[in-house]
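Raw contents of upload.cif, mmCIF, C-alpha atoms:
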data_run
#
loop_
_atom_site.label_atom_id
_atom_site.label_comp_id
_atom_site.auth_asym_id
_atom_site.auth_seq_id
_atom_site.Cartn_x
_atom_site.Cartn_y
_atom_site.Cartn_z
CA MET O 1 36.22 -70.65 12.98
CA VAL O 2 35.32 -73.67 10.90
CA PHE O 3 31.69 -72.64 10.90
CA ARG O 4 32.54 -69.19 9.81
CA LYS O 5 34.58 -70.51 6.94
CA ILE O 6 31.74 -72.69 5.73
CA PHE O 7 29.20 -69.91 5.94
CA ARG O 8 31.44 -67.38 4.30
CA ARG O 9 32.27 -69.54 1.30
CA LYS O 10 30.90 -68.01 -1.85
CA SER O 11 29.21 -70.17 -4.43
CA SER O 12 31.23 -70.64 -7.60
CA LYS O 13 28.63 -68.60 -9.45
CA GLU O 14 29.28 -65.59 -7.23
CA ILE O 15 33.00 -65.98 -7.69
CA ALA O 16 32.55 -66.06 -11.47
CA LYS O 17 30.35 -62.99 -11.40
CA ASP O 18 32.71 -61.01 -9.21
CA ARG O 19 35.71 -61.95 -11.32
CA LEU O 20 33.92 -61.00 -14.51
CA LYS O 21 32.79 -57.64 -13.17
CA ILE O 22 36.34 -56.61 -12.35
CA LEU O 23 37.76 -58.13 -15.51
CA LEU O 24 35.30 -56.47 -17.86
CA ILE O 25 35.84 -53.03 -16.38
CA SER O 26 39.53 -53.18 -17.23
CA ASP O 27 38.74 -54.80 -20.59
CA ARG O 28 36.31 -52.03 -21.46
CA VAL O 29 38.67 -49.20 -20.62
CA ASN O 30 41.47 -51.12 -22.28
CA CYS O 31 43.68 -50.79 -19.23
CA SER O 32 46.00 -53.52 -17.96
CA GLN O 33 47.18 -54.15 -14.42
CA GLU O 34 50.62 -52.89 -15.44
CA MET O 35 49.17 -49.64 -16.68
CA MET O 36 47.22 -49.26 -13.43
CA GLU O 37 50.47 -49.63 -11.51
CA MET O 38 52.08 -46.96 -13.67
CA ILE O 39 49.16 -44.59 -13.13
CA LYS O 40 49.32 -45.23 -9.41
CA HIS O 41 53.03 -44.51 -9.37
CA ASP O 42 52.64 -41.26 -11.30
CA ILE O 43 49.77 -40.02 -9.15
CA ALA O 44 51.81 -40.72 -6.03
CA GLN O 45 54.70 -38.74 -7.45
CA VAL O 46 52.58 -35.70 -8.23
CA ILE O 47 50.80 -35.62 -4.86
CA SER O 48 54.09 -36.15 -3.03
CA LYS O 49 55.24 -32.77 -4.31
CA TYR O 50 52.68 -31.08 -2.08
CA MET O 51 52.12 -33.35 0.89
CA LYS O 52 53.40 -36.46 2.55
CA ILE O 53 51.32 -39.50 1.60
CA ASP O 54 51.34 -43.17 2.45
CA THR O 55 52.30 -44.68 -0.91
CA GLN O 56 52.28 -48.19 0.51
CA SER O 57 48.60 -48.27 1.36
CA MET O 58 47.26 -46.04 -1.40
CA GLU O 59 44.78 -47.67 -3.75
CA ILE O 60 43.43 -46.81 -7.15
CA GLN O 61 40.70 -48.57 -9.03
CA ILE O 62 38.38 -48.08 -11.94
CA THR O 63 34.72 -48.52 -11.13
CA LYS O 64 31.58 -47.98 -13.08
CA THR O 65 28.96 -45.45 -12.16
CA GLY O 66 25.31 -45.68 -13.06
CA THR O 67 23.49 -48.95 -13.59
CA LYS O 68 21.29 -48.74 -16.65
CA GLY O 69 22.54 -49.55 -20.13
CA ARG O 70 26.06 -49.84 -21.35
CA GLU O 71 26.47 -46.15 -22.14
CA ALA O 72 25.50 -45.12 -18.65
CA LYS O 73 28.40 -47.07 -17.25
CA ASN O 74 31.02 -44.37 -17.45
CA PRO O 75 34.09 -45.78 -15.80
CA THR O 76 35.53 -43.60 -13.05
CA LEU O 77 38.99 -43.67 -11.58
CA TYR O 78 38.94 -43.68 -7.80
CA ALA O 79 42.08 -42.99 -5.81
CA ASN O 80 42.30 -43.62 -2.10
CA ILE O 81 45.40 -41.86 -0.83
CA PRO O 82 46.07 -41.68 2.93
CA ILE O 83 47.78 -38.41 3.88
CA LEU O 84 50.50 -38.67 6.52
CA ASP O 85 51.33 -35.01 6.84
CA LEU O 86 49.71 -32.01 5.14
CA HIS O 87 52.75 -29.77 5.61
CA THR O 88 55.96 -31.01 4.12
CA MET C 1 11.67 -55.31 -45.85
CA CYS C 2 14.67 -57.58 -45.54
CA GLU C 3 16.59 -57.79 -42.31
CA VAL C 4 20.19 -59.02 -42.21
CA ILE C 5 21.05 -60.65 -38.88
CA VAL C 6 24.58 -61.67 -37.94
CA VAL C 7 24.99 -64.43 -35.36
CA THR C 8 28.23 -63.89 -33.50
CA SER C 9 29.97 -64.71 -30.22
CA GLY C 10 33.70 -64.08 -30.20
CA LYS C 11 34.52 -67.38 -28.56
CA GLY C 12 34.27 -70.56 -30.58
CA GLY C 13 32.09 -73.51 -29.71
CA VAL C 14 29.32 -71.66 -27.90
CA GLY C 15 26.65 -72.44 -30.48
CA LYS C 16 26.75 -69.84 -33.27
CA THR C 17 26.20 -72.36 -36.05
CA THR C 18 23.49 -74.25 -34.15
CA THR C 19 21.74 -70.98 -33.39
CA SER C 20 22.01 -69.82 -37.02
CA ALA C 21 20.62 -73.12 -38.32
CA ASN C 22 17.72 -73.18 -35.88
CA VAL C 23 16.81 -69.51 -36.17
CA GLY C 24 16.94 -69.71 -39.98
CA THR C 25 14.88 -72.88 -40.11
CA GLY C 26 12.43 -71.59 -37.50
CA LEU C 27 11.80 -68.34 -39.35
CA SER C 28 11.21 -70.21 -42.61
CA VAL C 29 8.75 -72.56 -40.88
CA MET C 30 6.93 -69.43 -39.71
CA GLY C 31 6.46 -68.42 -43.32
CA LYS C 32 9.40 -66.11 -43.93
CA LYS C 33 11.78 -66.45 -46.86
CA VAL C 34 15.19 -66.99 -45.36
CA ALA C 35 18.77 -67.21 -46.66
CA LEU C 36 21.46 -68.63 -44.40
CA ILE C 37 24.99 -67.58 -45.25
CA ASP C 38 28.00 -69.33 -43.78
CA THR C 39 30.72 -66.67 -43.59
CA ASP C 40 33.31 -68.89 -41.95
CA ILE C 41 35.60 -69.27 -44.96
CA GLY C 42 37.95 -72.22 -44.64
CA LEU C 43 36.01 -73.87 -41.83
CA ARG C 44 32.54 -74.40 -43.15
CA ASN C 45 30.08 -76.11 -40.83
CA LEU C 46 26.62 -74.73 -41.38
CA ASP C 47 26.10 -77.09 -44.34
CA VAL C 48 26.61 -80.21 -42.22
CA VAL C 49 24.49 -78.90 -39.36
CA MET C 50 21.74 -78.26 -41.91
CA GLY C 51 22.28 -81.64 -43.57
CA LEU C 52 22.92 -80.07 -46.97
CA GLU C 53 26.61 -80.93 -47.38
CA ASN C 54 26.01 -83.24 -50.36
CA ARG C 55 24.30 -80.63 -52.44
CA ILE C 56 27.01 -77.97 -52.65
CA VAL C 57 28.01 -76.91 -56.14
CA TYR C 58 29.12 -73.30 -55.78
CA ASN C 59 30.06 -71.37 -52.64
CA LEU C 60 30.28 -67.87 -51.20
CA VAL C 61 33.72 -67.17 -52.67
CA ASP C 62 32.58 -68.29 -56.14
CA VAL C 63 29.74 -65.78 -55.96
CA ILE C 64 31.99 -62.98 -54.74
CA GLU C 65 34.56 -63.69 -57.44
CA GLY C 66 31.84 -63.69 -60.07
CA LYS C 67 32.23 -67.35 -61.08
CA CYS C 68 28.49 -67.81 -60.66
CA ARG C 69 25.41 -65.89 -59.70
CA ALA C 70 24.11 -65.91 -56.12
CA LYS C 71 21.02 -67.77 -57.32
CA GLN C 72 23.15 -70.67 -58.59
CA ALA C 73 25.06 -71.03 -55.34
CA LEU C 74 22.04 -70.90 -53.05
CA ILE C 75 20.97 -74.41 -52.04
CA LYS C 76 17.25 -74.83 -51.60
CA ASP C 77 16.34 -76.87 -48.53
CA LYS C 78 13.77 -79.37 -49.79
CA ARG C 79 12.30 -79.91 -46.32
CA HIS C 80 11.40 -76.25 -45.97
CA PRO C 81 9.96 -74.34 -48.93
CA ASN C 82 11.37 -70.93 -47.98
CA LEU C 83 14.84 -71.83 -46.81
CA TYR C 84 18.12 -71.38 -48.71
CA LEU C 85 21.75 -71.88 -47.77
CA LEU C 86 24.79 -70.17 -49.24
CA PRO C 87 27.69 -72.36 -48.13
CA SER C 88 31.18 -71.13 -47.40
CA ALA C 89 34.34 -72.19 -49.26
CA GLN C 90 36.35 -74.91 -47.58
CA ALA C 91 39.57 -74.64 -49.60
CA ARG C 92 40.05 -70.87 -49.22
CA ASP C 93 40.73 -68.50 -46.32
CA LYS C 94 39.17 -65.38 -44.89
CA THR C 95 41.26 -63.02 -47.04
CA ALA C 96 39.37 -64.21 -50.15
CA VAL C 97 36.55 -61.80 -49.26
CA ASN C 98 36.47 -58.22 -47.99
CA PRO C 99 33.74 -56.28 -46.17
CA GLU C 100 32.78 -54.17 -49.22
CA GLN C 101 32.20 -57.29 -51.31
CA MET C 102 30.04 -58.78 -48.57
CA LYS C 103 27.96 -55.61 -48.37
CA LYS C 104 27.46 -55.63 -52.12
CA LEU C 105 26.40 -59.26 -52.13
CA LEU C 106 23.92 -58.71 -49.31
CA ASP C 107 22.45 -55.67 -51.02
CA SER C 108 21.91 -57.72 -54.18
CA MET C 109 20.08 -60.39 -52.15
CA ARG C 110 17.90 -58.15 -50.00
CA GLN C 111 15.09 -57.96 -52.53
CA GLN C 112 14.48 -61.69 -52.58
CA PHE C 113 14.45 -62.50 -48.86
CA ASP C 114 12.70 -61.52 -45.64
CA TYR C 115 15.65 -62.52 -43.49
CA ILE C 116 19.32 -63.15 -44.23
CA ILE C 117 21.12 -64.91 -41.37
CA LEU C 118 24.91 -64.69 -41.31
CA ASP C 119 26.81 -67.34 -39.39
CA CYS C 120 29.92 -65.49 -38.17
CA PRO C 121 33.30 -67.19 -37.58
CA ALA C 122 34.88 -67.15 -34.13
CA GLY C 123 37.43 -64.45 -33.40
CA ILE C 124 37.58 -60.74 -34.17
CA GLU C 125 39.73 -60.75 -37.29
CA GLN C 126 38.80 -60.22 -40.91
CA GLY C 127 36.24 -63.02 -40.94
CA PHE C 128 34.32 -61.20 -38.21
CA GLN C 129 34.66 -57.87 -40.03
CA ASN C 130 33.33 -59.48 -43.23
CA ALA C 131 30.36 -60.99 -41.43
CA ILE C 132 29.23 -57.82 -39.67
CA ALA C 133 29.84 -55.48 -42.61
CA GLY C 134 26.33 -55.59 -44.04
CA ALA C 135 24.34 -56.58 -40.96
CA ASP C 136 21.35 -54.62 -39.67
CA ARG C 137 21.25 -56.34 -36.31
CA ALA C 138 23.20 -58.88 -34.33
CA ILE C 139 22.49 -61.88 -32.16
CA VAL C 140 25.28 -62.34 -29.62
CA VAL C 141 25.49 -65.96 -28.46
CA THR C 142 27.17 -66.81 -25.18
CA THR C 143 27.22 -69.55 -22.57
CA PRO C 144 27.18 -68.90 -18.80
CA GLU C 145 30.96 -69.27 -18.53
CA VAL C 146 33.50 -66.58 -17.74
CA SER C 147 35.49 -67.07 -20.95
CA ALA C 148 32.46 -66.90 -23.24
CA ILE C 149 31.01 -63.89 -21.42
CA ARG C 150 34.28 -62.02 -21.56
CA ASP C 151 34.53 -62.57 -25.31
CA ALA C 152 30.87 -61.63 -25.77
CA ASP C 153 31.54 -58.33 -24.00
CA ARG C 154 34.40 -57.61 -26.38
CA ILE C 155 32.19 -58.46 -29.36
CA ILE C 156 29.45 -56.15 -28.08
CA GLY C 157 32.00 -53.35 -27.86
CA LEU C 158 33.17 -54.02 -31.42
CA LEU C 159 29.60 -54.14 -32.76
CA GLU C 160 28.90 -50.79 -31.09
CA ALA C 161 32.07 -49.37 -32.63
CA ASN C 162 30.86 -50.60 -36.03
CA ASP C 163 27.51 -48.85 -35.60
CA ILE C 164 25.40 -51.96 -35.10
CA LYS C 165 23.19 -50.70 -32.32
CA ASN C 166 20.47 -53.32 -32.55
CA MET C 167 21.81 -56.38 -30.78
CA ASP C 168 20.31 -59.06 -28.61
CA LEU C 169 21.66 -61.79 -26.40
CA VAL C 170 21.09 -65.53 -26.59
CA ILE C 171 22.37 -67.49 -23.61
CA ASN C 172 23.06 -71.05 -24.63
CA ARG C 173 23.55 -74.26 -22.67
CA LEU C 174 22.03 -73.21 -19.37
CA ARG C 175 21.77 -75.99 -16.82
CA PHE C 176 18.94 -75.35 -14.44
CA ASP C 177 20.09 -77.90 -11.88
CA MET C 178 23.46 -76.15 -11.59
CA ILE C 179 21.88 -72.69 -11.42
CA LYS C 180 19.71 -73.93 -8.57
CA ARG C 181 22.80 -75.09 -6.68
CA GLY C 182 24.53 -71.75 -7.27
CA GLU C 183 27.19 -73.35 -9.44
CA MET C 184 26.26 -71.62 -12.68
CA MET C 185 25.38 -68.05 -13.53
CA SER C 186 21.70 -67.59 -14.33
CA SER C 187 20.44 -65.70 -17.37
CA ALA C 188 19.73 -62.73 -15.09
CA ASP C 189 23.37 -62.73 -13.95
CA VAL C 190 24.65 -62.78 -17.53
CA VAL C 191 22.26 -60.03 -18.63
CA GLU C 192 23.33 -57.92 -15.66
CA ILE C 193 26.96 -58.20 -16.72
CA LEU C 194 26.55 -57.71 -20.47
CA SER C 195 23.60 -55.27 -20.27
CA ILE C 196 22.06 -55.89 -23.68
CA PRO C 197 18.48 -57.07 -24.23
CA LEU C 198 17.83 -60.80 -23.80
CA LEU C 199 16.41 -62.49 -26.90
CA GLY C 200 16.24 -65.93 -25.38
CA ILE C 201 17.78 -68.71 -23.38
CA VAL C 202 18.54 -72.22 -24.61
CA PRO C 203 18.81 -74.98 -22.03
CA ASP C 204 21.59 -77.54 -22.27
CA ASP C 205 19.86 -80.32 -24.16
CA GLU C 206 21.31 -83.54 -25.53
CA ASN C 207 18.76 -83.41 -28.35
CA VAL C 208 20.95 -80.70 -29.91
CA VAL C 209 23.70 -83.28 -30.43
CA VAL C 210 21.18 -85.77 -31.82
CA SER C 211 19.80 -83.21 -34.27
CA THR C 212 23.30 -82.25 -35.42
CA ASN C 213 24.06 -85.95 -35.95
CA GLN C 214 21.01 -86.18 -38.16
CA GLY C 215 21.62 -82.89 -39.94
CA GLU C 216 18.20 -81.57 -39.09
CA PRO C 217 17.66 -78.48 -36.91
CA LEU C 218 15.43 -79.22 -33.92
CA VAL C 219 13.55 -75.93 -33.80
CA GLY C 220 9.89 -76.47 -32.98
CA ARG C 221 10.38 -80.09 -31.98
CA ALA C 222 9.26 -81.41 -28.61
CA SER C 223 12.42 -80.78 -26.67
CA LEU C 224 13.64 -78.03 -24.38
CA ALA C 225 16.04 -76.59 -26.94
CA GLY C 226 13.55 -76.98 -29.80
CA GLN C 227 10.98 -75.00 -27.86
CA ALA C 228 13.58 -72.41 -26.87
CA TYR C 229 14.58 -71.80 -30.50
CA SER C 230 10.91 -71.45 -31.55
CA ASN C 231 10.47 -68.83 -28.86
CA ILE C 232 13.54 -66.97 -30.11
CA CYS C 233 12.15 -66.94 -33.68
CA GLU C 234 8.80 -65.65 -32.44
CA ARG C 235 10.57 -62.82 -30.63
CA ILE C 236 12.56 -61.95 -33.77
CA LEU C 237 9.21 -61.57 -35.53
CA GLY C 238 8.21 -59.11 -32.81
CA ARG C 239 5.83 -61.33 -30.87
CA GLU C 240 5.99 -61.30 -27.11
CA VAL C 241 6.79 -64.70 -25.69
CA PRO C 242 7.74 -65.12 -22.03
CA ILE C 243 11.23 -66.42 -21.26
CA MET C 244 11.14 -70.13 -20.48
CA GLU C 245 10.47 -70.96 -16.86
CA LEU C 246 13.08 -73.17 -15.37
CA GLU C 247 11.73 -75.85 -13.08
CA LYS C 248 8.30 -76.16 -14.63
CA GLY C 249 9.77 -76.33 -18.09
CA ILE C 250 12.24 -79.05 -17.32
CA SER C 251 9.82 -81.53 -15.82
CA PHE C 252 7.20 -81.07 -18.51
CA TRP C 253 9.46 -81.11 -21.53
CA THR C 254 11.74 -83.88 -20.41
CA LYS C 255 8.62 -85.97 -19.97
CA VAL C 256 7.42 -85.16 -23.47
CA SER C 257 10.79 -85.63 -25.16
CA GLY C 258 11.36 -88.77 -23.12
CA MET C 259 8.16 -90.17 -24.53
CA PHE C 260 9.26 -89.34 -28.06
CA GLN C 261 12.64 -90.96 -27.60
CA LYS C 262 11.11 -94.16 -26.31
CA ARG C 263 8.79 -94.32 -29.26
CA GLN C 264 11.65 -93.78 -31.70
CA GLU C 265 13.64 -96.55 -30.09
CA VAL C 266 10.73 -98.95 -30.49
CA ARG C 267 10.39 -97.97 -34.11
CA HIS C 268 14.06 -98.58 -34.81
CA GLY C 269 13.86 -101.88 -33.06
CA VAL C 270 16.32 -101.07 -30.30
#
Translate the structure described by the file into structure tokens.
Amino acid sequence: MVFRKIFRRKSSKEIAKDRLKILLISDRVNCSQEMMEMIKHDIAQVISKYMKIDTQSMEIQITKTGTKGREAKNPTLYANIPILDLHT
Amino acid sequence: MCEVIVVTSGKGGVGKTTTSANVGTGLSVMGKKVALIDTDIGLRNLDVVMGLENRIVYNLVDVIEGKCRAKQALIKDKRHPNLYLLPSAQARDKTAVNPEQMKKLLDSMRQQFDYIILDCPAGIEQGFQNAIAGADRAIVVTTPEVSAIRDADRIIGLLEANDIKNMDLVINRLRFDMIKRGEMMSSADVVEILSIPLLGIVPDDENVVVSTNQGEPLVGRASLAGQAYSNICERILGREVPIMELEKGISFWTKVSGMFQKRQEVRHGV
């Protein structure tokens, strides 16, 4: 266990890079954590009209697609919504 | 053809003024006629970094308000034949100037210079808007820290929104020993995050503090940062110069600059 912890520890540079990547995506789309929560809530409400979903473990996030240049990085909203029952 | 370059960063204290002073001085040493303009109204600093603080008569706001002509306010740097400084006003604030006035001033100066370098204030308020109003291209200065990179990203977005498409990155204060240990983002990491072209890197170098103390930019001098700024100037002029190599560079240049420092100490009788 101890070994695993040591080997798994990220360097502070990697931590900085990971934090920045996530931070800048929300900065660029001008979208706060609060707003993300609101979007998540609204999506859950709409889907719930048609099927039973697991709102507790659903996830949404904004990621970038493409790698070259700033324009190519169109942010995309991904929603991961586990369905509990298709027929309500 | 005159090119107006704004040096900006968003965050304060990352090296905008030092970069402006060294790029301006470097370009003039390379034979270009250069005007440096300090656009940080109320907090002027470029004059002290350049060592010209005792020669100020008129300032940027005086020119804009028509109290004098631009020619009268421009301070000629006696050490460099082609270098001029238009200092900012210390007793005024950023509302004394607006973007249209800046544009007009720059247009009136374009004929006489090859390069006009604008030292932008920190922040994204009116001072920033004034500074970028008449610029053809931008140099975004950042350090390899999360706060500086975040602000740089915001600045890049604002420059794009203001139709300044030509912008390059300068990464300041890199510490190669820390990068090696994985405790600091490398220039490649920063470029990957900000995705704009890299104009140059400047290693963390105590000679920068020494040169600021003396009021004399260190571009071209035998030090890591001096060499880095020369390379940046060469690239601005369109020449291809490889980005400084880390380990090799440090051992060679610290040796050279170490030699210089020792000699200076002997001369001053320390």
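If you take only C-alpha atoms and a cut-off of 8 Å, the residues of chain C that reach chain O are Glu145, Val146, Arg150, Asp153, Arg154, Gly157, Gly182, Glu183, Met184, Met185, Asp189, Ile193, Leu194, Ser195 and Ile196 of chain C.
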Here's the selection I'm unsure about, the PyMOL selection byres ((chain O and resi 52) around 10); applied to the file above, which residues does it give, as a VMD selection string?
chain O and resid 44 47 to 51 53 to 55 82 to 88
Starting from the PyMOL selection byres ((chain C and resi 165-175) around 6), expand the selection into actual residues of this file and give them as number ranges by chain.
C: 137-143, 160, 163-164, 176-178, 197-204
Would you mind exporting C-alpha atoms of the selected residues as a compact mmCIF listing (two decimals), keeping the file's coordinate frame?
# COMPACT_ATOMS: atom_id res chain seq x y z
CA ARG C 137 21.25 -56.34 -36.31
CA ALA C 138 23.20 -58.88 -34.33
CA ILE C 139 22.49 -61.88 -32.16
CA VAL C 140 25.28 -62.34 -29.62
CA VAL C 141 25.49 -65.96 -28.46
CA THR C 142 27.17 -66.81 -25.18
CA THR C 143 27.22 -69.55 -22.57
CA GLU C 160 28.90 -50.79 -31.09
CA ASP C 163 27.51 -48.85 -35.60
CA ILE C 164 25.40 -51.96 -35.10
CA PHE C 176 18.94 -75.35 -14.44
CA ASP C 177 20.09 -77.90 -11.88
CA MET C 178 23.46 -76.15 -11.59
CA PRO C 197 18.48 -57.07 -24.23
CA LEU C 198 17.83 -60.80 -23.80
CA LEU C 199 16.41 -62.49 -26.90
CA GLY C 200 16.24 -65.93 -25.38
CA ILE C 201 17.78 -68.71 -23.38
CA VAL C 202 18.54 -72.22 -24.61
CA PRO C 203 18.81 -74.98 -22.03
CA ASP C 204 21.59 -77.54 -22.27
Written as a list of chain:residue names, what is the full residue list that the PyMOL selection byres ((chain C and resi 26) around 10) yields on the file shown?
C:Ser20, C:Ala21, C:Asn22, C:Val23, C:Gly24, C:Thr25, C:Leu27, C:Ser28, C:Val29, C:Met30, C:Gly31, C:Lys32, C:Val34, C:His80, C:Leu83, C:Pro217, C:Leu218, C:Val219, C:Gly220, C:Gly226, C:Tyr229, C:Ser230, C:Asn231, C:Ile232, C:Cys233, C:Glu234
Kindly give the distance, in Å, that separates atom CA of C:Thr18 and atom CA of C:Pro242, rounded to a single decimal.
21.9 Å
So which residues touch stretch 101-115 of chain C within 6 Å, counting all atoms listed in the file, skipping near sequence neighbours fewer than 3 positions away, as a PyMOL selection string?
chain C and resi 2-4+32-34+98+134
